[in-house]
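Novice: Coordinates in data01.txt, compact mmCIF, C-alpha atoms, are listed below.
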# COMPACT_ATOMS: atom_id res chain seq x y z
CA MET C 20 -4.51 -38.91 3.75
CA PRO C 21 -7.40 -38.32 1.36
CA ASP C 22 -10.46 -36.60 2.83
CA GLN C 23 -12.66 -39.49 1.66
CA TRP C 24 -10.62 -41.99 3.70
CA GLU C 25 -10.62 -39.69 6.75
CA ILE C 26 -14.40 -39.17 6.52
CA HIS C 27 -15.04 -42.93 6.19
CA ASN C 28 -13.00 -43.47 9.37
CA GLY C 29 -14.54 -40.68 11.47
CA LEU C 30 -11.57 -38.33 11.40
CA ASN C 31 -11.87 -34.57 10.94
CA PRO C 32 -10.49 -33.75 7.47
CA LEU C 33 -9.85 -30.17 8.64
CA LEU C 34 -7.36 -31.24 11.29
CA LYS C 35 -3.83 -32.40 10.75
CA ASP C 36 -4.41 -35.61 12.70
CA HIS C 37 -2.05 -37.85 10.76
CA ASN C 38 -0.06 -38.43 13.97
CA GLY C 39 -3.17 -39.47 15.91
CA LYS C 40 -3.49 -43.09 17.02
CA GLN C 41 -7.28 -43.57 16.89
CA LEU C 42 -7.23 -45.96 13.90
CA SER C 43 -4.28 -48.15 14.91
CA VAL C 44 -6.19 -51.12 16.35
CA LYS C 45 -8.90 -50.99 13.65
CA TYR C 46 -6.41 -51.18 10.77
CA THR C 47 -3.41 -53.06 12.21
CA GLY C 48 -4.74 -54.96 15.22
CA THR C 49 -2.02 -53.31 17.31
CA ALA C 50 -2.08 -50.07 19.31
CA GLY C 51 0.50 -47.37 18.63
CA TYR C 52 0.51 -46.81 14.86
CA ASP C 53 -0.15 -43.31 13.51
CA ASN C 54 -3.24 -42.66 11.39
CA LEU C 55 -0.94 -41.92 8.45
CA GLU C 56 0.79 -45.28 8.89
CA CYS C 57 -2.64 -46.97 8.93
CA TYR C 58 -3.60 -45.22 5.68
CA LEU C 59 -0.30 -46.08 3.97
CA ASN C 60 -0.57 -49.70 5.13
CA SER C 61 -4.14 -50.01 3.81
CA LEU C 62 -3.12 -48.32 0.54
CA SER C 63 -0.19 -50.68 -0.03
CA ASP C 64 -2.35 -53.71 0.84
CA ASN C 65 -4.96 -52.46 -1.63
CA LEU C 66 -2.42 -51.99 -4.41
CA VAL C 67 -0.57 -55.27 -3.83
CA ASP C 68 -3.25 -57.69 -2.61
CA LYS C 69 -6.43 -55.88 -3.76
CA THR C 70 -7.71 -55.85 -0.17
CA PRO C 71 -10.33 -53.13 0.50
CA LEU C 72 -8.89 -49.68 1.16
CA TYR C 73 -11.59 -49.06 3.76
CA LYS C 74 -12.32 -51.20 6.82
CA GLY C 75 -15.74 -51.43 8.40
CA ALA C 76 -18.85 -49.37 7.81
CA PRO C 77 -18.53 -45.65 7.12
CA PHE C 78 -18.52 -43.48 10.24
CA THR C 79 -21.80 -41.70 11.01
CA TYR C 80 -21.18 -38.08 12.00
CA PRO C 81 -23.54 -36.26 14.41
CA VAL C 82 -24.48 -33.76 11.67
CA THR C 83 -25.91 -35.35 8.54
CA ILE C 84 -25.52 -33.76 5.12
CA SER C 85 -28.45 -34.89 3.02
CA SER C 86 -27.01 -33.51 -0.22
CA ALA C 87 -23.95 -31.63 -1.44
CA THR C 88 -24.00 -30.60 -5.09
CA VAL C 89 -22.41 -28.31 -7.65
CA SER C 90 -24.02 -26.91 -10.80
CA PRO C 91 -22.76 -27.24 -13.44
CA VAL C 92 -20.78 -30.38 -12.55
CA SER C 93 -18.23 -29.73 -15.30
CA ILE C 94 -17.00 -26.90 -17.50
CA THR C 95 -14.71 -26.63 -20.52
CA ALA C 96 -11.20 -25.29 -19.88
CA GLY C 97 -11.08 -21.53 -20.49
CA ASP C 98 -14.76 -20.98 -19.69
CA THR C 99 -15.52 -18.78 -16.67
CA PRO C 100 -19.14 -19.43 -15.71
CA PRO C 101 -20.47 -18.91 -12.19
CA VAL C 102 -20.70 -22.20 -10.32
CA LYS C 103 -23.27 -22.81 -7.58
CA PHE C 104 -22.51 -25.08 -4.63
CA LYS C 105 -25.47 -26.24 -2.55
CA VAL C 106 -25.43 -28.11 0.76
CA SER C 107 -28.61 -29.35 2.46
CA VAL C 108 -29.13 -30.85 5.91
CA PRO C 109 -32.28 -32.41 7.43
CA ALA C 110 -34.79 -29.92 8.84
CA THR C 111 -34.37 -31.50 12.29
CA GLN C 112 -30.79 -30.23 12.58
CA THR C 113 -29.74 -26.76 13.71
CA VAL C 114 -26.79 -25.62 11.64
CA THR C 115 -24.63 -22.73 12.75
CA ARG C 116 -21.92 -22.89 10.08
CA VAL C 117 -21.36 -24.32 6.62
CA LEU C 118 -17.85 -24.21 5.19
CA LEU C 119 -16.57 -24.96 1.71
CA SER C 120 -13.00 -25.83 0.75
CA LEU C 121 -12.17 -23.87 -2.38
CA THR C 122 -8.43 -24.57 -2.11
CA MET C 123 -8.72 -27.31 -4.68
CA LEU C 124 -10.41 -24.98 -7.19
CA SER C 125 -7.30 -22.82 -7.39
CA ASP C 126 -4.91 -25.78 -7.48
CA PRO C 127 -6.13 -29.38 -8.01
CA PHE C 128 -2.94 -30.74 -6.47
CA ALA C 129 -3.07 -28.63 -3.30
CA PHE C 130 -4.14 -29.96 0.06
CA PRO C 131 -7.05 -28.20 1.79
CA SER C 132 -5.98 -26.31 4.87
CA ALA C 133 -8.08 -25.27 7.83
CA GLU C 134 -7.11 -21.64 7.19
CA ALA C 135 -8.28 -21.71 3.57
CA ILE C 136 -11.71 -23.26 3.88
CA ASP C 137 -13.56 -20.77 6.07
CA ILE C 138 -16.07 -19.66 3.44
CA THR C 139 -19.53 -19.27 4.88
CA PHE C 140 -22.52 -20.12 2.69
CA SER C 141 -25.70 -18.06 2.59
CA ALA C 142 -28.85 -19.78 3.87
CA THR C 143 -31.66 -20.22 1.34
CA GLY C 144 -34.28 -21.69 3.69
CA ASN C 145 -35.26 -25.31 4.37
CA ASN C 146 -31.78 -25.94 5.79
CA ALA C 147 -30.24 -25.43 2.36
CA PHE C 148 -27.11 -23.33 1.93
CA GLU C 149 -25.67 -21.97 -1.31
CA TYR C 150 -22.41 -20.43 -2.40
CA ASN C 151 -21.70 -18.91 -5.82
CA TYR C 152 -18.14 -19.19 -7.07
CA GLN C 153 -16.76 -17.37 -10.11
CA VAL C 154 -14.53 -19.77 -12.06
CA GLN C 155 -11.08 -18.45 -12.96
CA SER C 156 -9.95 -18.79 -16.59
CA ALA C 157 -6.63 -20.39 -15.66
CA MET C 158 -8.07 -23.53 -14.02
CA ARG C 159 -6.15 -26.68 -14.93
CA LEU C 160 -7.79 -29.75 -16.44
CA GLY C 161 -8.85 -32.26 -13.85
CA ILE C 162 -11.36 -33.33 -11.26
CA TYR C 163 -11.46 -31.05 -8.25
CA GLN C 164 -12.55 -32.42 -4.86
CA ILE C 165 -14.24 -29.83 -2.66
CA LEU C 166 -14.90 -30.52 1.02
CA ALA C 167 -18.16 -29.29 2.59
CA ALA C 168 -18.17 -29.10 6.39
CA VAL C 169 -21.29 -28.42 8.48
CA THR C 170 -21.31 -27.58 12.20
CA ASN C 171 -24.30 -27.55 14.56
CA ASP C 172 -24.92 -25.40 17.65
CA SER C 173 -23.21 -28.02 19.87
CA GLY C 174 -19.99 -27.83 17.84
CA GLU C 175 -20.53 -31.26 16.25
CA SER C 176 -19.74 -31.66 12.55
CA GLY C 177 -20.51 -33.56 9.38
CA TYR C 178 -18.66 -33.69 6.05
CA ALA C 179 -19.29 -34.38 2.39
CA LEU C 180 -17.19 -34.28 -0.77
CA ILE C 181 -18.24 -32.60 -4.01
CA LEU C 182 -16.55 -33.37 -7.35
CA PHE C 183 -16.17 -30.70 -10.04
CA GLU C 184 -14.47 -31.28 -13.42
CA VAL C 185 -12.65 -29.00 -15.85
CA LYS C 186 -12.58 -30.71 -19.27
CA SER C 187 -10.51 -30.16 -22.38
CA SER C 188 -12.32 -28.41 -25.22
CA THR C 189 -11.33 -31.33 -27.48
CA GLY C 190 -12.50 -33.96 -25.01
CA SER C 191 -9.22 -35.85 -25.41
CA ASP C 192 -7.99 -35.26 -21.88
CA THR C 193 -10.88 -36.30 -19.66
CA LEU C 194 -10.16 -37.56 -16.18
CA ALA C 195 -12.25 -39.86 -14.03
CA PRO C 196 -12.03 -40.87 -10.39
CA ALA C 197 -11.22 -44.47 -9.65
CA ALA C 198 -13.25 -46.51 -7.21
CA PRO C 199 -13.44 -45.14 -3.66
CA GLY C 200 -10.01 -44.13 -2.52
CA GLY C 201 -9.81 -40.84 -4.30
CA LEU C 202 -7.22 -41.88 -6.87
CA ILE C 203 -7.72 -40.15 -10.21
CA GLN C 204 -6.77 -41.83 -13.47
CA LYS C 205 -6.74 -40.77 -17.13
CA GLN C 206 -9.27 -42.54 -19.33
What's the structure tokens form of this structure?
Specialist:
Amino acid sequence: MPDQWEIHNGLNPLLKDHNGKQLSVKYTGTAGYDNLECYLNSLSDNLVDKTPLYKGAPFTYPVTISSATVSPVSITAGDTPPVKFKVSVPATQTVTRVLLSLTMLSDPFAFPSAEAIDITFSATGNNAFEYNYQVQSAMRLGIYQILAAVTNDSGESGYALILFEVKSSTGSDTLAPAAPGGLIQKQ
């Protein structure tokens, strides 16, 4: 299940909760279906009937991420510049941990795992957190989706997705995300 779909529905994208049943009634009207079955059903309905992939309003997590950015937002394949990720939360929130999923930066077709995302940011003041990443020269062309996870002192969380693109030096192989749903298509 894509992180974006899980976040919209209030799931924890760091957990393997595909067998959970919390979304069954919301998506099928019947109790007992797995979250993965709900996602696959909504995906097939979207592809066949053009029904919305998402149902209802996006879930509001206890911890709010006011911004999650990367600079630069894209690089040319073969370049190895430092990339800065920045996550900000409202000043009213006490944050104890900020994690960043870099799994996708090493392989755009990998799935983030809870073991691989425990990279703590450094605080820069004003509830802003930064992490500098050194790009590897062998990164494949594509759009990379990076998950930012923030936890407060009560153990509650919030999530955001950051997109980062590696482009062809000729510009002939650019990729762009489709509408919400996380599907990526060639242009």
Novice: I'd like the interatomic distance between atom CA of Gln23 of chain C and atom CA of His37 of chain C, to a tenth of an Å.
Specialist: 14.1 Å
Novice: Considering all atoms listed in the file, state which residue in the set C:Tyr80, C:Phe183, C:Tyr46, C:Tyr150 is at the smallest distance from Thr170 of chain C.
Specialist: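 Between C:Tyr80, C:Phe183, C:Tyr46, C:Tyr150, the residue approaching Thr170 of chain C most closely is C:Tyr80.
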Novice: Which residue out of C:Ala147, C:Ala50, C:Ala167, C:Val44 has the minimum interatomic distance to Ala110 of chain C when all atoms listed in the file are used?
Specialist: C:Ala147
Novice: Would you please work out which residue, of C:Asp68, C:Asp36, C:Glu149, C:Asp98, is nearest to Leu118 of chain C when using all atoms listed in the file?
Specialist: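 Selected residue with least distance to Leu118 of chain C: C:Glu149.
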Novice: Could you pull the residues within 10 Å of Thr99 of chain C, counting all atoms listed in the file, minus those fewer than 6 positions along the same chain, as a PyMOL selection string?
Specialist: chain C and resi 152-158
Novice: Between C:Gly29, C:Pro81, C:Gly51, C:Pro109, which has the minimum distance to Gly144 of chain C (counting all atoms listed in the file)?
Specialist: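 Of C:Gly29, C:Pro81, C:Gly51, C:Pro109, the one nearest Gly144 of chain C, counting all atoms listed in the file, is C:Pro109.
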Novice: Between atom CA of Ala87 of chain C and atom CA of Lys103 of chain C, what is the spacing in Å?
Specialist: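 Taking atom CA of Lys103 of chain C and atom CA of Ala87 of chain C, their separation equals 10.8 Å.
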Novice: Which residue out of C:Lys105, C:Lys35, C:Arg116, C:His27 has the minimum interatomic distance to Ser90 of chain C when only C-alpha atoms are used?
Specialist: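 When distances to Ser90 of chain C are compared using only C-alpha atoms, the smallest one comes from C:Lys105.
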